[in-house]
Amino acid sequence: MPTNEYTDIQSIHDFKSLIKYLRKDLNWPVDEELVDDLSFDYKASELGIDDTKAVKIKEIKQLRPLTGNQPWGVFWIQFEQKQLPVVIMRRILSKLVRTQRGRKGSQKTWDLPDLMFISATGAGNERGISFAHFQEVDGKPQLRTFAWDVKETHLYYIKNLNLNALRWPVDARDVDAWRRQWGEAFTVAHREVPRTAEMLANKMAQIASYIREAVELTYSMEHAGGSLHQLHLNLKLDLISDLTEDDFADMYAQTVTYGLFAARATRSGDFAKTR
């Protein structure tokens with residue numbers, strides 16, 4: 001995949017560069033040259049953040065609604081620290097979510113699934129970007145996120161499976177479809193760890209699907225003498241003479257996924273991914 005497709009993502013480091021990415025890559029009707037007119041600024045105290053935690057927040061902005069019927073509230077938050085502070089996120093959420101009895105005052109509120117938070121964490125070589133969204137699970141708000149930093153090497157998945165779902169809707173009048181589309185960007189709970197065999201199987205199947213898509217894309221762009229084409233040819237000569245390109249991509253993905261799982265399950269000590 002061309003490097004410049006990743007460069008656009010990695011160039012997001014502040015509110016203006018975020019707006020540029022939303023316009024250029026996701027077709028949002030915004031203009032980074034008019035960035036000062038695109039947002040409302042909030043003070044941390046307005047969202048219930050006390051002084052001890054407010055020092056960790058550089059700025060909070062709400063992106064102004066871009067259509068009259070926009071269901072989503074979109075917020076930009078810049079934090080001092082490296083990690084997304086979940087406690088502060090939940091505190092902010094509590095001030096923005098509409099309750100059954102309603103809230104007094106003029107502050108705008110939203111239904112829980114209609115809020116999206118885009119955050120910058122850390123600075124310089126430690127700068128990271130997080131997209132966060134809350135969904136109700138068993139009657140409680142569950143934080144779902146996807147994120148990257150300057151060391152991230154898996155931007156293919158973030159671009160095609162997360163950010164791609166956040167494209168500006170073809171028909172902004174269809175509010176229900178709009179909700180579903182953007183909600184699909186958030187598939188994994190924040191720091192989710194599989195706790196059952198079913199969760200593990202689902203997670204492994206998802207990873208295998210990602211790998212298969214990457215193999216299919218790489219294969220389609222690679223020349224006939226490339227490494228994937230040669231591996232495909234060798235498998236056809238030695239094992240399965242009628243192995244199709246689709247079956248090859250599926251075999252490759254499953255072998256990598258379950259091979260890594262077996263290695264992790266049988267190896268003692270640390271098993272860290274290499275960036």
# chains A, B, ... in the order shown; residues from 1 in each chain; ligands from 1

$ residues_around --residues "stretch 143-156 of chain A" --least-positions-apart "3" --cutoff "7 Å" --atoms "only C-alpha atoms" --output "MDAnalysis selection string"
chainID A and resid 6 10 125:135 159:160 186:190 275

$ write_last_selection --atoms "C-alpha atoms" --output "CSV table (one decimal), in the first residue's frame"
chain,number,residue,atom,x,y,z
A,6,TYR,CA,-0.5,6.1,6.1
A,10,GLN,CA,0.1,9.9,11.0
A,125,ASN,CA,7.6,11.1,20.0
A,126,GLU,CA,4.9,9.9,22.4
A,127,ARG,CA,1.9,11.6,20.6
A,128,GLY,CA,-1.0,9.3,20.1
A,129,ILE,CA,-4.5,9.7,18.7
A,130,SER,CA,-7.5,7.9,20.1
A,131,PHE,CA,-11.1,7.6,18.8
A,132,ALA,CA,-13.5,6.7,21.6
A,133,HIS,CA,-17.2,5.9,21.8
A,134,PHE,CA,-19.5,4.5,24.5
A,135,GLN,CA,-22.1,1.8,24.0
A,159,LYS,CA,-7.6,2.9,7.9
A,160,ASN,CA,-9.8,0.3,6.3
A,186,PHE,CA,-15.9,0.9,17.2
A,187,THR,CA,-15.8,-2.9,17.5
A,188,VAL,CA,-13.5,-3.5,20.4
A,189,ALA,CA,-13.9,-2.5,24.1
A,190,HIS,CA,-11.0,-0.4,25.5
A,275,ARG,CA,7.1,-3.0,16.1

$ residues_around --residues "A:Asp36" --least-positions-apart "4" --cutoff "12 Å" --atoms "only C-alpha atoms" --output "compact mmCIF listing (two decimals) with N, CA and C atoms, in the first residue's frame"
# COMPACT_ATOMS: atom_id res chain seq x y z
N PHE A 15 -6.02 19.75 16.37
CA PHE A 15 -7.38 19.88 15.86
C PHE A 15 -7.40 20.25 14.38
N LYS A 16 -6.50 21.14 13.96
CA LYS A 16 -6.49 21.56 12.56
C LYS A 16 -6.12 20.40 11.64
N ILE A 19 -9.06 18.08 11.27
CA ILE A 19 -10.06 18.60 10.34
C ILE A 19 -9.61 18.37 8.90
N VAL A 30 -15.94 20.00 5.90
CA VAL A 30 -15.23 20.93 6.79
C VAL A 30 -14.05 21.52 6.02
N ASP A 31 -13.48 22.58 6.58
CA ASP A 31 -12.36 23.26 5.94
C ASP A 31 -11.36 23.66 7.01
N GLU A 32 -10.17 23.09 6.97
CA GLU A 32 -9.18 23.37 8.00
C GLU A 32 -8.74 24.83 8.01
N PHE A 40 -16.87 24.78 19.28
CA PHE A 40 -17.16 25.46 20.54
C PHE A 40 -16.09 25.02 21.53
N ASP A 41 -15.52 25.95 22.29
CA ASP A 41 -14.53 25.60 23.31
C ASP A 41 -15.22 25.38 24.66
N LYS A 61 -12.79 20.75 22.72
CA LYS A 61 -13.58 21.41 21.69
C LYS A 61 -14.71 20.49 21.24
N GLN A 62 -15.85 21.10 20.96
CA GLN A 62 -16.93 20.37 20.30
C GLN A 62 -17.01 20.83 18.86
N LEU A 63 -16.95 19.89 17.92
CA LEU A 63 -17.13 20.24 16.52
C LEU A 63 -18.57 20.68 16.30
N ARG A 64 -18.76 21.87 15.75
CA ARG A 64 -20.11 22.37 15.50
C ARG A 64 -20.88 21.40 14.59

$ closest_residue --among "A:Phe248, A:Phe79, A:Trp110, A:Tyr258" --to "A:Leu231" --atoms "only C-alpha atoms"
A:Phe248

$ residues_around --residues "A:Asp25" --least-positions-apart "5" --cutoff "9 Å" --atoms "only C-alpha atoms" --output "PyMOL selection string"
chain A and resi 8+20+164+167

$ atom_distance --atom1 "atom CA of A:Gly48" --atom2 "atom CA of A:Leu96"
10.1 Å

$ residues_around --residues "stretch 57-59 of chain A" --least-positions-apart "5" --cutoff "7 Å" --atoms "only C-alpha atoms" --output "PyMOL selection string"
chain A and resi 77-80

$ write_last_selection --atoms "C-alpha atoms" --output "compact mmCIF listing (two decimals), in the first residue's frame"
# COMPACT_ATOMS: atom_id res chain seq x y z
CA ILE A 77 -9.81 16.58 23.67
CA GLN A 78 -6.07 17.11 24.05
CA PHE A 79 -4.50 15.47 27.11
CA GLU A 80 -1.06 15.96 28.64

$ closest_residue --among "A:Gln81, A:Leu200, A:Thr99, A:Leu34" --to "A:Ala123" --atoms "only C-alpha atoms"
A:Gln81

$ select_by_dssp --residues "stretch 90-275 of chain A" --states "alpha helix (DSSP H)" --output "ChimeraX atom specification"
/A:90-96,155-157,175-183,197-221,227-238,245-266

$ closest_residue --among "A:Arg179, A:Lys140, A:Arg212, A:Arg91" --to "A:Thr255" --atoms "only C-alpha atoms"
A:Arg212

$ atom_distance --atom1 "atom CA of A:Val175" --atom2 "atom CA of A:Gln70"
7.3 Å

$ atom_distance --atom1 "atom CA of A:Asp247" --atom2 "atom CA of A:Gly226"
18.0 Å

$ residues_around --residues "A:Glu184" --least-positions-apart "5" --cutoff "10 Å" --atoms "only C-alpha atoms" --output "PyMOL selection string"
chain A and resi 161-166+179

$ write_last_selection --atoms "C-alpha atoms" --output "short mmCIF file (atom, residue, chain, number, x, y, z; two decimals), in the first residue's frame"
data_model
loop_
_atom_site.label_atom_id
_atom_site.label_comp_id
_atom_site.auth_asym_id
_atom_site.auth_seq_id
_atom_site.Cartn_x
_atom_site.Cartn_y
_atom_site.Cartn_z
CA LEU A 161 -11.75 -1.12 9.22
CA ASN A 162 -12.09 1.79 11.65
CA LEU A 163 -11.59 5.14 9.97
CA ASN A 164 -13.30 4.04 6.77
CA ALA A 165 -16.55 3.57 8.71
CA LEU A 166 -16.37 7.25 9.71
CA ARG A 179 -25.72 6.12 13.57
#

$ select_by_dssp --residues "stretch 61-262 of chain A" --states "strand (DSSP E)" --output "PyMOL selection string"
chain A and resi 61-63+73-79+115-121+128-137+140-149

$ closest_residue --among "A:Thr244, A:Thr52, A:Ser39, A:Gln107" --to "A:Val74" --atoms "only C-alpha atoms"
A:Ser39

$ residues_around --residues "A:Arg173" --least-positions-apart "3" --cutoff "10 Å" --atoms "only C-alpha atoms" --output "number ranges by chain"
A: 67-70, 169-170, 176-178
